[in-house]
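Comments concern the structure below.
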Amino acid sequence: MTPTTAEPNLADKRAERQDFRRMWLGQSISLIGDQISLFALPSLAILVLNASEPQVGVLHAMATMAFPALGLFAGAFMDRVRCRPYMIAADLVRLLLFATVAVLASTGLLDLWLLYAVAALAGVCTVMFDVGYQTHLPRLVGRDLLPLGNARLEMSASVARAGGPALAGALIQFLGPALAVAANAASFLASAAGLFAVRKPESVVPDPTAEPWRRQILQGARHLWRTPVLRWLSAAAALRNFSMAMVDTVLLLFLYRALDLGPASAATVLTAGALAAVLGAAVSRVLVERVGAGPVLLATVTEGIVWAAAPLALVTGSSLVVIAVAFVSALWLPVWNVTVTTLRQLITPPHLLGRVHAAARTVNLCTIPLGSVAGGLLAGWASAHWGERGGLGAALALAGLCTATGVPFLLRKEIRGLHQPAPTAEDIR
């Protein structure tokens with residue numbers, strides 16, 4: 001009797017792992033494409049369309065404004081439906097959008113307004129995919145595989161953040177910007193194929209409250225607010241994202257215009273964190289188990305503060321300073337992402353996962369468009385007052401230091417007391 005009962009369970013576990021690997025492979029390729037677009041679109045704006053500093057900030061903002069606008073709706077919607085078909089649709093729409101940019105760039109018909117429109121529409125698809133993905137993963141794998149699944153996906157994201165810009169820089173430098181964007185378009189086809197290959201039927205967890213649609217949209221926000229750990233982490237993430245959006249906006253301007261680097265060299269600087277980011281994703285679980293989640297989350301503030309040292313590159317005349325800063329910074333983002341995402345998934349009731357994730361992402365990401373615009377304005381103002389080299393260096397340092405504004409939230413007793421790697425809802429409420 002025992003072998004008969006155990007064998008199907010073992011087979012189910014194997015099937016779960018195989019389905020996860022299929023989705024993981026497609027998503028890993030898609031993440032590389034995302035990083036190509038994050039480098040290629042502003043590079044197109046700066047190098048081809050000669051965009052000003054504030055215009056580069058607006059482009060960053062257009063790519064990220066969809067989550068504050070649609071995140072709560074997307075969360076309530078994904079909790080009620082099978083996520084996989086909508087994730088596949090989001091991939092295919094992004095494929096069409098970036099293929100259009102590639103064609104327009106190759107024919108000389110691309111302008112800044114079209115780039116803004118594509119960035120905004122692709123952002124809407126990213127919201128649907130992102131919320132769907134975080135809702136779908138717990139449905140696909142069991143609770144025991146959830147931390148491992150998040151760690152592996154974050155490792156893929158870390159590799160993509162490192163390798164994507166280098167690939168984009170090489171494509172832009174040697175083959176032109178159109179091909180770089182075309183490569184990004186093709187990556188979404190791989191992501192859709194990975195989702196198509198998943199065999200396990202997706203089950204929707206019924207909502208026991210059965211509240212009306214409009215109330216359901218707000219349930220995630222209420223749960224987020226009433227759970228102190230999630231509330232303080234979201235506040236800290238919002239401030240950090242504001243700062244890092246400023247850094248991301250100023251950084252390419254600093255590399256191109258202050259250090260006078262070409263696309264390939266600038267991309268090489270951005271890939272300096274490759275080993276550090278992969279290492280961060282790989283050791284995140286061990287780090288939390290050994291040190292505790294609270295101290296580890298506080299240490300991740302290093303991601304932004306270290307950028308205050310980047311202007312030393314202007315004094316030394318060497319991009320090695322920026323490479324070192326990028327290396328140290330890249331170590332901490334995957335540690336934060338793995339720890340916070342796993343905490344959120346483990347302490348949230350299954351029927352609320354999509355809405356809570358969407359509420360958290362809405363709070364976390366609503367500051368990115370503001371930070372992008374603020375970074376562009378700061379870079380323009382500083383360049384006008386201190387010259388392009390000194391002004392961009394000062395703007396980059398100030399942007400990084402803004403990360404420290406989230407420290408008071410990480411010093412709250414609910415966060416400092418997090419010592420378990422995978423606490424339950426009862427442990428932290």
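Residue numbering restarts at 1 in every chain; chains get A, B, ... in the order shown in the structure tokens, and ligands count up from 1 in that same order.
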
Spatial neighbours of stretch 405-421 of chain A, max dist 6 Å, only C-alpha atoms, sep filter under 4 positions, as a PyMOL selection string: chain A and resi 229+232+236+239+288-289+292-294+298

May I have the residues within 9 Å of stretch 167-184 of chain A as a compact mmCIF listing (two decimals) with N, CA and C atoms, in the first residue's frame, using only C-alpha atoms and disregarding those fewer than 5 positions away in the same chain?
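After the write, around.txt holds the following:
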```
# COMPACT_ATOMS: atom_id res chain seq x y z
N SER A 30 13.70 35.41 -21.77
CA SER A 30 12.93 36.65 -21.81
C SER A 30 13.57 37.73 -20.94
N ILE A 32 16.71 38.15 -20.33
CA ILE A 32 17.84 38.71 -21.07
C ILE A 32 17.34 39.74 -22.08
N GLY A 33 16.22 39.41 -22.76
CA GLY A 33 15.63 40.36 -23.69
C GLY A 33 15.19 41.64 -23.01
N ASP A 34 14.62 41.52 -21.79
CA ASP A 34 14.22 42.71 -21.05
C ASP A 34 15.41 43.63 -20.79
N GLN A 35 16.53 43.03 -20.41
CA GLN A 35 17.72 43.83 -20.13
C GLN A 35 18.29 44.46 -21.40
N ILE A 36 18.15 43.76 -22.52
CA ILE A 36 18.57 44.35 -23.80
C ILE A 36 17.76 45.61 -24.06
N SER A 37 16.44 45.53 -23.84
CA SER A 37 15.60 46.70 -24.12
C SER A 37 15.89 47.84 -23.15
N PHE A 39 18.66 48.65 -21.96
CA PHE A 39 19.87 49.32 -22.44
C PHE A 39 19.64 49.93 -23.82
N ALA A 40 18.95 49.19 -24.70
CA ALA A 40 18.84 49.61 -26.09
C ALA A 40 17.94 50.82 -26.28
N LEU A 41 16.79 50.87 -25.56
CA LEU A 41 15.87 51.98 -25.78
C LEU A 41 16.46 53.33 -25.38
N SER A 43 19.61 53.98 -25.11
CA SER A 43 20.75 54.20 -26.01
C SER A 43 20.28 54.74 -27.36
N LEU A 44 19.17 54.20 -27.86
CA LEU A 44 18.58 54.74 -29.08
C LEU A 44 18.24 56.22 -28.90
N VAL A 48 20.98 58.06 -31.09
CA VAL A 48 20.36 58.21 -32.42
C VAL A 48 19.43 59.42 -32.47
N LEU A 95 6.38 41.09 -28.20
CA LEU A 95 7.10 40.68 -29.41
C LEU A 95 6.75 41.60 -30.57
N PHE A 98 8.20 45.40 -29.98
CA PHE A 98 9.63 45.61 -30.18
C PHE A 98 10.07 45.29 -31.60
N ALA A 99 9.35 44.37 -32.26
CA ALA A 99 9.62 44.15 -33.67
C ALA A 99 9.31 45.40 -34.49
N THR A 100 8.25 46.11 -34.11
CA THR A 100 7.90 47.36 -34.78
C THR A 100 8.98 48.41 -34.59
N VAL A 101 9.52 48.53 -33.37
CA VAL A 101 10.61 49.48 -33.12
C VAL A 101 11.82 49.13 -33.97
N ALA A 102 12.14 47.84 -34.08
CA ALA A 102 13.29 47.41 -34.87
C ALA A 102 13.12 47.80 -36.33
N VAL A 103 11.93 47.62 -36.88
CA VAL A 103 11.67 47.97 -38.28
C VAL A 103 11.78 49.48 -38.47
N LEU A 104 11.16 50.25 -37.57
CA LEU A 104 11.20 51.72 -37.69
C LEU A 104 12.62 52.24 -37.54
N ALA A 105 13.40 51.67 -36.60
CA ALA A 105 14.78 52.11 -36.42
C ALA A 105 15.62 51.81 -37.65
N SER A 106 15.40 50.67 -38.28
CA SER A 106 16.20 50.29 -39.45
C SER A 106 15.85 51.12 -40.67
N GLY A 262 31.87 54.38 -25.60
CA GLY A 262 30.99 53.91 -26.64
C GLY A 262 30.01 52.90 -26.09
N PRO A 263 29.02 52.47 -26.91
CA PRO A 263 28.01 51.52 -26.41
C PRO A 263 28.61 50.23 -25.86
N ALA A 264 29.58 49.65 -26.56
CA ALA A 264 30.16 48.38 -26.10
C ALA A 264 30.87 48.56 -24.77
N SER A 265 31.65 49.65 -24.63
CA SER A 265 32.36 49.90 -23.37
C SER A 265 31.40 50.22 -22.24
N ALA A 266 30.35 51.00 -22.55
CA ALA A 266 29.36 51.32 -21.52
C ALA A 266 28.65 50.06 -21.05
N ALA A 267 28.34 49.17 -22.00
CA ALA A 267 27.68 47.92 -21.64
C ALA A 267 28.60 47.05 -20.78
N THR A 268 29.90 47.09 -21.06
CA THR A 268 30.85 46.32 -20.27
C THR A 268 30.86 46.78 -18.82
```

Residues within 12 Å of A:Ala122, only C-alpha atoms, excluding chain neighbours under 4 positions, as number ranges by chain: A: 34, 37-38, 41, 62-67, 89-101, 115-118, 126-130, 184-185, 188

Would you export the selected residues with C-alpha atoms as a short mmCIF file (atom, residue, chain, number, x, y, z; two decimals), in the first residue's frame, please?
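Result went into selection-v1.cif, see below:
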```
data_model
loop_
_atom_site.label_atom_id
_atom_site.label_comp_id
_atom_site.auth_asym_id
_atom_site.auth_seq_id
_atom_site.Cartn_x
_atom_site.Cartn_y
_atom_site.Cartn_z
CA ASP A 34 14.22 42.71 -21.05
CA SER A 37 15.60 46.70 -24.12
CA LEU A 38 16.48 48.56 -20.90
CA LEU A 41 15.87 51.98 -25.78
CA MET A 62 6.96 55.83 -19.58
CA ALA A 63 8.30 52.28 -19.31
CA THR A 64 7.38 51.99 -15.63
CA MET A 65 4.23 54.06 -15.12
CA ALA A 66 1.85 51.17 -15.94
CA PHE A 67 2.21 49.48 -12.56
CA ALA A 89 -0.65 37.03 -24.67
CA ALA A 90 1.52 39.64 -22.92
CA ASP A 91 4.65 38.02 -24.38
CA LEU A 92 3.25 38.02 -27.92
CA VAL A 93 2.15 41.67 -27.74
CA ARG A 94 5.62 42.69 -26.55
CA LEU A 95 7.10 40.68 -29.41
CA LEU A 96 5.02 42.74 -31.86
CA LEU A 97 5.86 46.07 -30.20
CA PHE A 98 9.63 45.61 -30.18
CA ALA A 99 9.62 44.15 -33.67
CA THR A 100 7.90 47.36 -34.78
CA VAL A 101 10.61 49.48 -33.12
CA LEU A 115 9.61 55.33 -28.53
CA TYR A 116 7.57 56.75 -25.65
CA ALA A 117 4.42 54.96 -26.91
CA VAL A 118 6.14 51.59 -27.29
CA THR A 126 4.90 43.71 -18.27
CA VAL A 127 2.39 44.45 -15.49
CA MET A 128 0.07 41.67 -16.64
CA PHE A 129 2.96 39.24 -17.02
CA ASP A 130 4.65 40.12 -13.73
CA ASN A 184 14.75 41.64 -27.55
CA ALA A 185 11.58 40.97 -29.56
CA PHE A 188 9.50 37.07 -25.82
#
```

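Restricting the calculation to only C-alpha atoms, the smallest distance between A:Ala360 and any of A:Ala330, A:Ala61, A:Leu218, A:Ala120 is found for A:Leu218.
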
Atom CA of A:Leu70 to atom CA of A:Pro228, straight-line distance in Å: 24.1 Å

Best match for closeness to A:Gln219 among A:Arg355, A:Arg22, A:Arg231, A:Arg152, counting only C-alpha atoms: A:Arg355
